[in-house]
Structure formats: C-alpha cells, structure tokens
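entry-v3.cif (mmCIF, N, CA and C atoms) appears below.
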data_target
loop_
_atom_site.group_PDB
_atom_site.id
_atom_site.type_symbol
_atom_site.label_atom_id
_atom_site.label_comp_id
_atom_site.auth_asym_id
_atom_site.auth_seq_id
_atom_site.Cartn_x
_atom_site.Cartn_y
_atom_site.Cartn_z
ATOM 1 N N MET A 1 197.226 55.593 -27.877
ATOM 2 C CA MET A 1 197.446 55.698 -26.449
ATOM 3 C C MET A 1 198.881 56.140 -26.187
ATOM 4 N N GLU A 2 199.018 57.154 -25.364
ATOM 5 C CA GLU A 2 200.343 57.663 -25.030
ATOM 6 C C GLU A 2 200.915 56.914 -23.847
ATOM 7 N N THR A 3 202.226 56.723 -23.868
ATOM 8 C CA THR A 3 202.910 56.074 -22.761
ATOM 9 C C THR A 3 203.757 57.106 -22.050
ATOM 10 N N ASP A 4 203.590 57.209 -20.754
ATOM 11 C CA ASP A 4 204.397 58.125 -19.958
ATOM 12 C C ASP A 4 205.681 57.409 -19.589
ATOM 13 N N ASN A 5 206.800 57.852 -20.171
ATOM 14 C CA ASN A 5 208.080 57.207 -19.917
ATOM 15 C C ASN A 5 208.984 58.092 -19.063
ATOM 16 N N THR A 6 208.363 58.952 -18.233
ATOM 17 C CA THR A 6 209.180 59.788 -17.356
ATOM 18 C C THR A 6 209.756 58.932 -16.245
ATOM 19 N N ARG A 7 210.910 59.323 -15.784
ATOM 20 C CA ARG A 7 211.594 58.548 -14.753
ATOM 21 C C ARG A 7 211.874 59.445 -13.560
ATOM 22 N N SER A 8 211.962 58.812 -12.406
ATOM 23 C CA SER A 8 212.221 59.576 -11.199
ATOM 24 C C SER A 8 213.713 59.796 -10.961
ATOM 25 N N HIS A 9 214.566 59.149 -11.781
ATOM 26 C CA HIS A 9 216.012 59.267 -11.622
ATOM 27 C C HIS A 9 216.659 59.543 -12.976
ATOM 28 N N VAL A 10 217.781 60.228 -12.933
ATOM 29 C CA VAL A 10 218.555 60.477 -14.141
ATOM 30 C C VAL A 10 219.077 59.151 -14.675
ATOM 31 N N ARG A 11 219.042 58.986 -15.992
ATOM 32 C CA ARG A 11 219.540 57.769 -16.637
ATOM 33 C C ARG A 11 220.799 58.130 -17.415
ATOM 34 N N ILE A 12 221.853 57.353 -17.224
ATOM 35 C CA ILE A 12 223.120 57.567 -17.910
ATOM 36 C C ILE A 12 223.229 56.549 -19.035
ATOM 37 N N HIS A 13 223.393 57.042 -20.258
ATOM 38 C CA HIS A 13 223.553 56.185 -21.440
ATOM 39 C C HIS A 13 225.042 56.104 -21.774
ATOM 40 N N TYR A 14 225.535 54.894 -22.003
ATOM 41 C CA TYR A 14 226.953 54.683 -22.257
ATOM 42 C C TYR A 14 227.245 54.454 -23.728
ATOM 43 N N PRO A 15 228.342 55.046 -24.223
ATOM 44 C CA PRO A 15 228.790 54.721 -25.586
ATOM 45 C C PRO A 15 229.403 53.321 -25.587
ATOM 46 N N PRO A 16 229.427 52.659 -26.725
ATOM 47 C CA PRO A 16 229.969 51.292 -26.782
ATOM 48 C C PRO A 16 231.380 51.152 -26.202
ATOM 49 N N SER A 17 232.201 52.171 -26.346
ATOM 50 C CA SER A 17 233.590 52.056 -25.890
ATOM 51 C C SER A 17 233.772 52.247 -24.384
ATOM 52 N N GLY A 18 232.760 52.709 -23.677
ATOM 53 C CA GLY A 18 232.936 53.000 -22.258
ATOM 54 C C GLY A 18 231.928 52.340 -21.354
ATOM 55 N N ARG A 19 231.395 51.201 -21.759
ATOM 56 C CA ARG A 19 230.334 50.560 -20.981
ATOM 57 C C ARG A 19 230.864 49.793 -19.773
ATOM 58 N N PRO A 20 230.180 49.976 -18.642
ATOM 59 C CA PRO A 20 230.505 49.155 -17.474
ATOM 60 C C PRO A 20 229.993 47.728 -17.693
ATOM 61 N N HIS A 21 230.287 46.851 -16.747
ATOM 62 C CA HIS A 21 229.865 45.457 -16.851
ATOM 63 C C HIS A 21 229.152 45.024 -15.577
ATOM 64 N N LEU A 22 228.145 44.189 -15.775
ATOM 65 C CA LEU A 22 227.460 43.546 -14.670
ATOM 66 C C LEU A 22 227.884 42.088 -14.682
ATOM 67 N N VAL A 23 228.507 41.664 -13.592
ATOM 68 C CA VAL A 23 228.993 40.292 -13.486
ATOM 69 C C VAL A 23 227.981 39.492 -12.666
ATOM 70 N N LEU A 24 227.377 38.500 -13.318
ATOM 71 C CA LEU A 24 226.411 37.605 -12.686
ATOM 72 C C LEU A 24 226.970 36.185 -12.713
ATOM 73 N N PRO A 25 226.441 35.289 -11.898
ATOM 74 C CA PRO A 25 226.902 33.902 -11.960
ATOM 75 C C PRO A 25 226.758 33.302 -13.365
ATOM 76 N N ALA A 26 225.748 33.763 -14.122
ATOM 77 C CA ALA A 26 225.508 33.223 -15.473
ATOM 78 C C ALA A 26 226.404 33.856 -16.530
ATOM 79 N N GLY A 27 227.173 34.898 -16.185
ATOM 80 C CA GLY A 27 228.058 35.522 -17.168
ATOM 81 C C GLY A 27 228.187 37.020 -16.971
ATOM 82 N N VAL A 28 228.932 37.634 -17.877
ATOM 83 C CA VAL A 28 229.201 39.077 -17.828
ATOM 84 C C VAL A 28 228.342 39.765 -18.887
ATOM 85 N N HIS A 29 227.714 40.879 -18.493
ATOM 86 C CA HIS A 29 226.818 41.610 -19.377
ATOM 87 C C HIS A 29 227.255 43.068 -19.474
ATOM 88 N N GLU A 30 227.240 43.622 -20.688
ATOM 89 C CA GLU A 30 227.501 45.051 -20.858
ATOM 90 C C GLU A 30 226.301 45.837 -20.354
ATOM 91 N N VAL A 31 226.579 46.945 -19.673
ATOM 92 C CA VAL A 31 225.522 47.840 -19.198
ATOM 93 C C VAL A 31 225.341 48.921 -20.256
ATOM 94 N N LEU A 32 224.141 48.993 -20.833
ATOM 95 C CA LEU A 32 223.845 49.987 -21.864
ATOM 96 C C LEU A 32 223.487 51.325 -21.241
ATOM 97 N N ASP A 33 222.733 51.279 -20.151
ATOM 98 C CA ASP A 33 222.454 52.497 -19.391
ATOM 99 C C ASP A 33 222.099 52.114 -17.966
ATOM 100 N N LEU A 34 222.128 53.129 -17.096
ATOM 101 C CA LEU A 34 221.803 52.880 -15.696
ATOM 102 C C LEU A 34 221.214 54.114 -15.061
ATOM 103 N N SER A 35 220.503 53.876 -13.976
ATOM 104 C CA SER A 35 220.001 54.944 -13.116
ATOM 105 C C SER A 35 220.208 54.473 -11.686
ATOM 106 N N ALA A 36 219.776 55.270 -10.729
ATOM 107 C CA ALA A 36 219.954 54.883 -9.333
ATOM 108 C C ALA A 36 219.247 53.569 -9.020
ATOM 109 N N GLU A 37 218.132 53.310 -9.698
ATOM 110 C CA GLU A 37 217.326 52.135 -9.360
ATOM 111 C C GLU A 37 217.195 51.117 -10.473
ATOM 112 N N GLY A 38 217.938 51.272 -11.561
ATOM 113 C CA GLY A 38 217.774 50.307 -12.635
ATOM 114 C C GLY A 38 218.943 50.247 -13.596
ATOM 115 N N LEU A 39 218.995 49.126 -14.328
ATOM 116 C CA LEU A 39 220.031 48.902 -15.335
ATOM 117 C C LEU A 39 219.382 48.350 -16.596
ATOM 118 N N LEU A 40 219.961 48.684 -17.725
ATOM 119 C CA LEU A 40 219.636 48.040 -18.996
ATOM 120 C C LEU A 40 220.907 47.339 -19.432
ATOM 121 N N VAL A 41 220.837 46.011 -19.562
ATOM 122 C CA VAL A 41 222.023 45.238 -19.931
ATOM 123 C C VAL A 41 221.761 44.461 -21.211
ATOM 124 N N SER A 42 222.842 44.111 -21.876
ATOM 125 C CA SER A 42 222.720 43.272 -23.064
ATOM 126 C C SER A 42 223.123 41.847 -22.691
ATOM 127 N N VAL A 43 222.461 40.899 -23.350
ATOM 128 C CA VAL A 43 222.774 39.487 -23.140
ATOM 129 C C VAL A 43 223.549 39.027 -24.366
ATOM 130 N N PRO A 44 224.773 38.531 -24.168
ATOM 131 C CA PRO A 44 225.563 38.088 -25.322
ATOM 132 C C PRO A 44 224.835 37.004 -26.117
ATOM 133 N N GLU A 45 225.052 37.034 -27.428
ATOM 134 C CA GLU A 45 224.441 36.045 -28.307
ATOM 135 C C GLU A 45 224.812 34.633 -27.845
ATOM 136 N N GLY A 46 223.831 33.759 -27.801
ATOM 137 C CA GLY A 46 224.052 32.386 -27.382
ATOM 138 C C GLY A 46 223.949 32.166 -25.885
ATOM 139 N N SER A 47 223.848 33.246 -25.107
ATOM 140 C CA SER A 47 223.716 33.121 -23.652
ATOM 141 C C SER A 47 222.245 32.991 -23.275
ATOM 142 N N ALA A 48 221.994 32.307 -22.173
ATOM 143 C CA ALA A 48 220.626 32.174 -21.679
ATOM 144 C C ALA A 48 220.132 33.516 -21.152
ATOM 145 N N LYS A 49 218.894 33.844 -21.477
ATOM 146 C CA LYS A 49 218.291 35.084 -20.979
ATOM 147 C C LYS A 49 217.636 34.800 -19.630
ATOM 148 N N PRO A 50 217.704 35.761 -18.724
ATOM 149 C CA PRO A 50 217.044 35.557 -17.434
ATOM 150 C C PRO A 50 215.523 35.548 -17.612
ATOM 151 N N THR A 51 214.853 34.922 -16.701
ATOM 152 C CA THR A 51 213.399 34.824 -16.729
ATOM 153 C C THR A 51 212.772 36.081 -16.146
ATOM 154 N N LEU A 52 211.703 36.540 -16.763
ATOM 155 C CA LEU A 52 210.973 37.691 -16.258
ATOM 156 C C LEU A 52 210.572 37.451 -14.805
ATOM 157 N N GLY A 53 210.853 38.401 -13.951
ATOM 158 C CA GLY A 53 210.541 38.286 -12.531
ATOM 159 C C GLY A 53 211.636 37.645 -11.697
ATOM 160 N N ALA A 54 212.658 37.074 -12.353
ATOM 161 C CA ALA A 54 213.741 36.420 -11.611
ATOM 162 C C ALA A 54 214.532 37.443 -10.809
ATOM 163 N N ARG A 55 215.057 36.990 -9.704
ATOM 164 C CA ARG A 55 215.941 37.832 -8.894
ATOM 165 C C ARG A 55 217.376 37.448 -9.229
ATOM 166 N N VAL A 56 218.218 38.461 -9.380
ATOM 167 C CA VAL A 56 219.621 38.220 -9.696
ATOM 168 C C VAL A 56 220.498 38.968 -8.698
ATOM 169 N N GLU A 57 221.673 38.438 -8.475
ATOM 170 C CA GLU A 57 222.671 39.089 -7.623
ATOM 171 C C GLU A 57 223.987 39.086 -8.368
ATOM 172 N N GLY A 58 224.682 40.208 -8.327
ATOM 173 C CA GLY A 58 225.947 40.293 -9.018
ATOM 174 C C GLY A 58 226.744 41.500 -8.596
ATOM 175 N N THR A 59 227.742 41.806 -9.404
ATOM 176 C CA THR A 59 228.644 42.916 -9.121
ATOM 177 C C THR A 59 228.683 43.849 -10.319
ATOM 178 N N LEU A 60 228.461 45.132 -10.076
ATOM 179 C CA LEU A 60 228.544 46.145 -11.113
ATOM 180 C C LEU A 60 229.955 46.708 -11.107
ATOM 181 N N GLN A 61 230.622 46.646 -12.265
ATOM 182 C CA GLN A 61 231.982 47.157 -12.385
ATOM 183 C C GLN A 61 231.944 48.467 -13.163
ATOM 184 N N LEU A 62 232.151 49.556 -12.440
ATOM 185 C CA LEU A 62 232.142 50.904 -13.015
ATOM 186 C C LEU A 62 233.563 51.431 -13.118
ATOM 187 N N GLN A 63 233.774 52.391 -14.011
ATOM 188 C CA GLN A 63 235.102 52.982 -14.167
ATOM 189 C C GLN A 63 235.457 53.925 -13.028
ATOM 190 N N THR A 64 234.442 54.519 -12.393
ATOM 191 C CA THR A 64 234.716 55.561 -11.402
ATOM 192 C C THR A 64 234.601 55.092 -9.964
ATOM 193 N N ALA A 65 234.153 53.886 -9.754
ATOM 194 C CA ALA A 65 233.961 53.389 -8.381
ATOM 195 C C ALA A 65 234.431 51.942 -8.318
ATOM 196 N N GLY A 66 234.670 51.488 -7.119
ATOM 197 C CA GLY A 66 234.993 50.079 -6.955
ATOM 198 C C GLY A 66 233.784 49.235 -7.296
ATOM 199 N N PRO A 67 233.941 47.944 -7.310
ATOM 200 C CA PRO A 67 232.813 47.068 -7.619
ATOM 201 C C PRO A 67 231.665 47.277 -6.621
ATOM 202 N N LEU A 68 230.442 47.316 -7.149
ATOM 203 C CA LEU A 68 229.256 47.478 -6.310
ATOM 204 C C LEU A 68 228.444 46.189 -6.342
ATOM 205 N N ALA A 69 228.179 45.618 -5.176
ATOM 206 C CA ALA A 69 227.318 44.437 -5.104
ATOM 207 C C ALA A 69 225.873 44.890 -5.299
ATOM 208 N N LEU A 70 225.144 44.174 -6.159
ATOM 209 C CA LEU A 70 223.766 44.546 -6.472
ATOM 210 C C LEU A 70 222.836 43.357 -6.392
ATOM 211 N N ARG A 71 221.586 43.655 -6.040
ATOM 212 C CA ARG A 71 220.491 42.696 -6.137
ATOM 213 C C ARG A 71 219.420 43.365 -6.972
ATOM 214 N N ALA A 72 218.806 42.594 -7.869
ATOM 215 C CA ALA A 72 217.822 43.187 -8.779
ATOM 216 C C ALA A 72 216.781 42.151 -9.181
ATOM 217 N N ARG A 73 215.716 42.666 -9.784
ATOM 218 C CA ARG A 73 214.663 41.817 -10.336
ATOM 219 C C ARG A 73 214.552 42.113 -11.820
ATOM 220 N N VAL A 74 214.380 41.080 -12.627
ATOM 221 C CA VAL A 74 214.214 41.238 -14.071
ATOM 222 C C VAL A 74 212.796 41.767 -14.312
ATOM 223 N N VAL A 75 212.702 42.978 -14.878
ATOM 224 C CA VAL A 75 211.378 43.579 -15.094
ATOM 225 C C VAL A 75 210.938 43.519 -16.551
ATOM 226 N N TRP A 76 211.871 43.318 -17.477
ATOM 227 C CA TRP A 76 211.489 43.075 -18.866
ATOM 228 C C TRP A 76 212.648 42.473 -19.642
ATOM 229 N N VAL A 77 212.285 41.726 -20.682
ATOM 230 C CA VAL A 77 213.252 41.114 -21.591
ATOM 231 C C VAL A 77 212.764 41.391 -23.004
ATOM 232 N N ASP A 78 213.638 41.959 -23.837
ATOM 233 C CA ASP A 78 213.286 42.269 -25.226
ATOM 234 C C ASP A 78 214.496 41.952 -26.101
ATOM 235 N N GLY A 79 214.440 40.818 -26.804
ATOM 236 C CA GLY A 79 215.568 40.420 -27.638
ATOM 237 C C GLY A 79 216.798 40.196 -26.786
ATOM 238 N N ASP A 80 217.865 40.937 -27.102
ATOM 239 C CA ASP A 80 219.109 40.769 -26.345
ATOM 240 C C ASP A 80 219.261 41.802 -25.225
ATOM 241 N N ARG A 81 218.185 42.514 -24.911
ATOM 242 C CA ARG A 81 218.228 43.529 -23.848
ATOM 243 C C ARG A 81 217.356 43.106 -22.672
ATOM 244 N N VAL A 82 217.860 43.383 -21.479
ATOM 245 C CA VAL A 82 217.154 43.008 -20.251
ATOM 246 C C VAL A 82 217.120 44.216 -19.316
ATOM 247 N N GLY A 83 215.936 44.529 -18.814
ATOM 248 C CA GLY A 83 215.763 45.614 -17.851
ATOM 249 C C GLY A 83 215.732 45.064 -16.436
ATOM 250 N N LEU A 84 216.535 45.650 -15.570
ATOM 251 C CA LEU A 84 216.635 45.210 -14.180
ATOM 252 C C LEU A 84 216.246 46.352 -13.247
ATOM 253 N N HIS A 85 215.440 46.039 -12.246
ATOM 254 C CA HIS A 85 215.113 47.010 -11.206
ATOM 255 C C HIS A 85 215.907 46.636 -9.966
ATOM 256 N N LEU A 86 216.733 47.560 -9.500
ATOM 257 C CA LEU A 86 217.564 47.313 -8.322
ATOM 258 C C LEU A 86 216.700 47.401 -7.071
ATOM 259 N N TRP A 87 216.744 46.341 -6.288
ATOM 260 C CA TRP A 87 215.995 46.336 -5.045
ATOM 261 C C TRP A 87 216.526 45.259 -4.136
ATOM 262 N N PRO A 88 216.808 45.524 -2.916
ATOM 263 C CA PRO A 88 216.622 46.789 -2.201
ATOM 264 C C PRO A 88 217.796 47.744 -2.372
ATOM 265 N N ASP A 89 218.766 47.324 -3.172
ATOM 266 C CA ASP A 89 219.951 48.162 -3.387
ATOM 267 C C ASP A 89 219.639 49.306 -4.347
ATOM 268 N N ALA A 90 220.472 50.314 -4.307
ATOM 269 C CA ALA A 90 220.418 51.417 -5.269
ATOM 270 C C ALA A 90 221.849 51.897 -5.475
ATOM 271 N N ILE A 91 222.089 52.498 -6.630
ATOM 272 C CA ILE A 91 223.414 53.055 -6.892
ATOM 273 C C ILE A 91 223.484 54.419 -6.203
ATOM 274 N N PRO A 92 224.459 54.628 -5.341
ATOM 275 C CA PRO A 92 224.548 55.903 -4.618
ATOM 276 C C PRO A 92 224.683 57.095 -5.566
ATOM 277 N N TYR A 93 224.027 58.187 -5.202
ATOM 278 C CA TYR A 93 224.029 59.388 -6.028
ATOM 279 C C TYR A 93 225.440 59.892 -6.347
ATOM 280 N N PRO A 94 226.381 59.923 -5.394
ATOM 281 C CA PRO A 94 227.742 60.375 -5.734
ATOM 282 C C PRO A 94 228.395 59.509 -6.816
ATOM 283 N N VAL A 95 228.087 58.228 -6.837
ATOM 284 C CA VAL A 95 228.631 57.343 -7.871
ATOM 285 C C VAL A 95 228.050 57.718 -9.233
ATOM 286 N N LEU A 96 226.745 57.993 -9.280
ATOM 287 C CA LEU A 96 226.116 58.417 -10.540
ATOM 288 C C LEU A 96 226.728 59.717 -11.056
ATOM 289 N N LEU A 97 226.958 60.660 -10.152
ATOM 290 C CA LEU A 97 227.574 61.934 -10.558
ATOM 291 C C LEU A 97 228.970 61.714 -11.118
ATOM 292 N N ALA A 98 229.752 60.850 -10.471
ATOM 293 C CA ALA A 98 231.113 60.565 -10.943
ATOM 294 C C ALA A 98 231.065 59.907 -12.326
ATOM 295 N N GLU A 99 230.117 58.998 -12.539
ATOM 296 C CA GLU A 99 229.976 58.352 -13.849
ATOM 297 C C GLU A 99 229.628 59.387 -14.925
ATOM 298 N N GLU A 100 228.718 60.283 -14.594
ATOM 299 C CA GLU A 100 228.304 61.315 -15.550
ATOM 300 C C GLU A 100 229.479 62.241 -15.894
ATOM 301 N N ARG A 101 230.236 62.653 -14.884
ATOM 302 C CA ARG A 101 231.408 63.509 -15.120
ATOM 303 C C ARG A 101 232.450 62.787 -15.968
ATOM 304 N N ASN A 102 232.627 61.501 -15.726
ATOM 305 C CA ASN A 102 233.599 60.708 -16.466
ATOM 306 C C ASN A 102 233.222 60.621 -17.950
ATOM 307 N N LEU A 103 231.935 60.576 -18.247
ATOM 308 C CA LEU A 103 231.483 60.460 -19.639
ATOM 309 C C LEU A 103 231.500 61.793 -20.385
ATOM 310 N N ALA A 104 231.422 62.901 -19.679
ATOM 311 C CA ALA A 104 231.326 64.214 -20.318
ATOM 312 C C ALA A 104 232.459 64.466 -21.326
ATOM 313 N N PRO A 105 233.728 64.236 -20.982
ATOM 314 C CA PRO A 105 234.792 64.483 -21.972
ATOM 315 C C PRO A 105 234.657 63.576 -23.209
ATOM 316 N N LYS A 106 234.173 62.379 -23.044
ATOM 317 C CA LYS A 106 234.025 61.448 -24.167
ATOM 318 C C LYS A 106 232.920 61.923 -25.112
ATOM 319 N N ARG A 107 231.887 62.527 -24.557
ATOM 320 C CA ARG A 107 230.777 63.029 -25.394
ATOM 321 C C ARG A 107 231.187 64.264 -26.170
ATOM 322 N N GLU A 108 232.072 65.078 -25.585
ATOM 323 C CA GLU A 108 232.509 66.318 -26.234
ATOM 324 C C GLU A 108 233.510 66.045 -27.351
ATOM 325 N N ALA A 109 234.199 64.926 -27.286
ATOM 326 C CA ALA A 109 235.245 64.614 -28.289
ATOM 327 C C ALA A 109 234.654 64.268 -29.638
#
As structure tokens:
Amino acid sequence: METDNTRSHVRIHYPPSGRPHLVLPAGVHEVLDLSAEGLLVSVPEGSAKPTLGARVEGTLQLQTAGPLALRARVVWVDGDRVGLHLWPDAIPYPVLLAEERNLAPKREA
C-alpha cells in the first residue's frame, strides 16, 4: 500500500547547527523542520513526551523573526520526535521565506 505524503505547504528542514526552538511550559524543544501549519520537534532524553491529541501553547524562537506565539495539537509521537499541527495559528508566509533565505548560505557551504 502506497502512502501519499504530499503536503500543501513547503517544509523547511534545519541542520543541527541552525535549529530554532519551541519553548513550552514543559521545556525547550529543538525544531527539526517546520511548515506554515506544522512542526516536527525533538523531545530531550528523559523529558516527558506530550500525549497524542494534547493541545500545547508556546513560543517559537526563529533566527529571522521575533518570537512567535503558537497553539498546536500533538498529531503523532514516534520515539523522541513529536509532530504538531498548528491551529488556529499558522506561521506567516513572509517568515517562512526569511527562514528559507537564511538557510540557503548554510546549505551551500
């Protein structure tokens, strides 16, 4: 059975040295990738993992923009990785473009 993994938004993948952070009441998480409507974050070893379906609120700290307040729902948990769907918030398109431009020189190096 084939799985359709197409997305409606561009996804930005971060190298380990340039990852943004999601600050939640339960702790700080590295953002592995993001799109306008979702985040993939890592849960530090020994930290409690969020429950599937839980709603979380926090602040996304990006290199190219000021802190962004976010609300999201946990849509999957796999080991130390957690998928979040942003709702009703979304990351503004100009912010995504700035993040992508910021990463371009790092990818070329």
For Arg19 in chain A: contacts at 12 Å, only C-alpha atoms, fewer than 3 positions along chain excluded, given as a count of residues only: 26
Suppose a student applies the PyMOL selection byres ((chain A and resi 70) around 6.5) to this structure; what residues should they get, written as a compact mmCIF listing (two decimals) with N, CA and C atoms, keeping the file's coordinate frame?
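The resulting file, selection24.txt, is shown below:
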# COMPACT_ATOMS: atom_id res chain seq x y z
N VAL A 56 218.22 38.46 -9.38
CA VAL A 56 219.62 38.22 -9.70
C VAL A 56 220.50 38.97 -8.70
N GLU A 57 221.67 38.44 -8.48
CA GLU A 57 222.67 39.09 -7.62
C GLU A 57 223.99 39.09 -8.37
N GLY A 58 224.68 40.21 -8.33
CA GLY A 58 225.95 40.29 -9.02
C GLY A 58 226.74 41.50 -8.60
N THR A 59 227.74 41.81 -9.40
CA THR A 59 228.64 42.92 -9.12
C THR A 59 228.68 43.85 -10.32
N LEU A 60 228.46 45.13 -10.08
CA LEU A 60 228.54 46.14 -11.11
C LEU A 60 229.96 46.71 -11.11
N LEU A 68 230.44 47.32 -7.15
CA LEU A 68 229.26 47.48 -6.31
C LEU A 68 228.44 46.19 -6.34
N ALA A 69 228.18 45.62 -5.18
CA ALA A 69 227.32 44.44 -5.10
C ALA A 69 225.87 44.89 -5.30
N ARG A 71 221.59 43.66 -6.04
CA ARG A 71 220.49 42.70 -6.14
C ARG A 71 219.42 43.36 -6.97
N ALA A 72 218.81 42.59 -7.87
CA ALA A 72 217.82 43.19 -8.78
C ALA A 72 216.78 42.15 -9.18
N ASP A 89 218.77 47.32 -3.17
CA ASP A 89 219.95 48.16 -3.39
C ASP A 89 219.64 49.31 -4.35
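Using only C-alpha atoms, the residues found no farther than 8 Å from Ile91 in chain A, other than those of its own chain fewer than 5 positions away, are Ser35, Ala36, Glu37 and Leu96 of chain A.
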Just give me the gap between atom C of Ala26 in chain A and atom N of Arg101 in chain A in Å, one decimal is fine.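 Between atom C of Ala26 in chain A and atom N of Arg101 in chain A the gap is 29.1 Å.
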Take the PyMOL selection byres (((chain A and resi 83 and name CA) around 8) and name CA), run it mentally on this structure, and tell me the resulting residues as JSON, numbers by chain. {"A": [38, 39, 40, 41, 74, 75, 76, 77, 81, 82, 84, 85]}
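Distances to Pro44 in chain A were evaluated for A:Ala90, A:His21, A:Leu97, A:Asp80 using only C-alpha atoms, and the minimum falls at A:Asp80.
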Write out as a list in words all residues of range 7-59 of chain A that backbone DSSP assigns to strand (DSSP E).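 Filtering range 7-59 of chain A to strand (DSSP E) leaves Ile12, His13, His21, Leu22, Val23, Leu24, Gly27, Val28, His29, Glu30, Val31, Leu32, Asp33, Leu34, Ser35, Gly38, Leu39, Leu40, Val41, Ser42, Arg55, Val56, Glu57, Gly58 and Thr59 of chain A.
Note that the spacing between atom C of Trp87 in chain A and atom C of Arg73 in chain A amounts to 8.5 Å.
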Starting from the block above, write range 48-65 of chain A out to a file with N, CA and C atoms, as a compact mmCIF listing (two decimals), in the first residue's frame, please.
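Wrote decode.txt, looks like this:
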# COMPACT_ATOMS: atom_id res chain seq x y z
N ALA A 48 9.36 14.28 29.61
CA ALA A 48 8.05 13.68 29.35
C ALA A 48 7.60 14.02 27.94
N LYS A 49 7.04 13.04 27.25
CA LYS A 49 6.51 13.26 25.91
C LYS A 49 5.06 13.72 26.02
N PRO A 50 4.65 14.62 25.15
CA PRO A 50 3.25 15.04 25.18
C PRO A 50 2.33 13.90 24.75
N THR A 51 1.11 13.95 25.17
CA THR A 51 0.12 12.94 24.85
C THR A 51 -0.48 13.21 23.48
N LEU A 52 -0.69 12.16 22.71
CA LEU A 52 -1.33 12.28 21.41
C LEU A 52 -2.67 12.99 21.56
N GLY A 53 -2.90 14.00 20.76
CA GLY A 53 -4.14 14.77 20.81
C GLY A 53 -4.10 15.95 21.76
N ALA A 54 -3.05 16.04 22.59
CA ALA A 54 -2.95 17.15 23.55
C ALA A 54 -2.78 18.47 22.82
N ARG A 55 -3.29 19.51 23.43
CA ARG A 55 -3.10 20.86 22.90
C ARG A 55 -1.95 21.50 23.68
N VAL A 56 -1.08 22.18 22.95
CA VAL A 56 0.06 22.84 23.58
C VAL A 56 0.09 24.30 23.14
N GLU A 57 0.64 25.13 24.00
CA GLU A 57 0.84 26.55 23.69
C GLU A 57 2.27 26.90 24.05
N GLY A 58 2.93 27.65 23.18
CA GLY A 58 4.29 28.02 23.45
C GLY A 58 4.77 29.12 22.54
N THR A 59 6.08 29.29 22.51
CA THR A 59 6.70 30.34 21.72
C THR A 59 7.75 29.72 20.81
N LEU A 60 7.67 30.03 19.52
CA LEU A 60 8.65 29.57 18.55
C LEU A 60 9.72 30.65 18.42
N GLN A 61 10.98 30.26 18.64
CA GLN A 61 12.09 31.20 18.55
C GLN A 61 12.86 30.91 17.26
N LEU A 62 12.69 31.81 16.30
CA LEU A 62 13.35 31.69 14.99
C LEU A 62 14.49 32.69 14.90
N GLN A 63 15.45 32.41 14.02
CA GLN A 63 16.58 33.32 13.83
C GLN A 63 16.19 34.57 13.06
N THR A 64 15.16 34.47 12.22
CA THR A 64 14.85 35.59 11.32
C THR A 64 13.67 36.43 11.78
N ALA A 65 12.99 36.01 12.81
CA ALA A 65 11.79 36.74 13.26
C ALA A 65 11.80 36.78 14.78
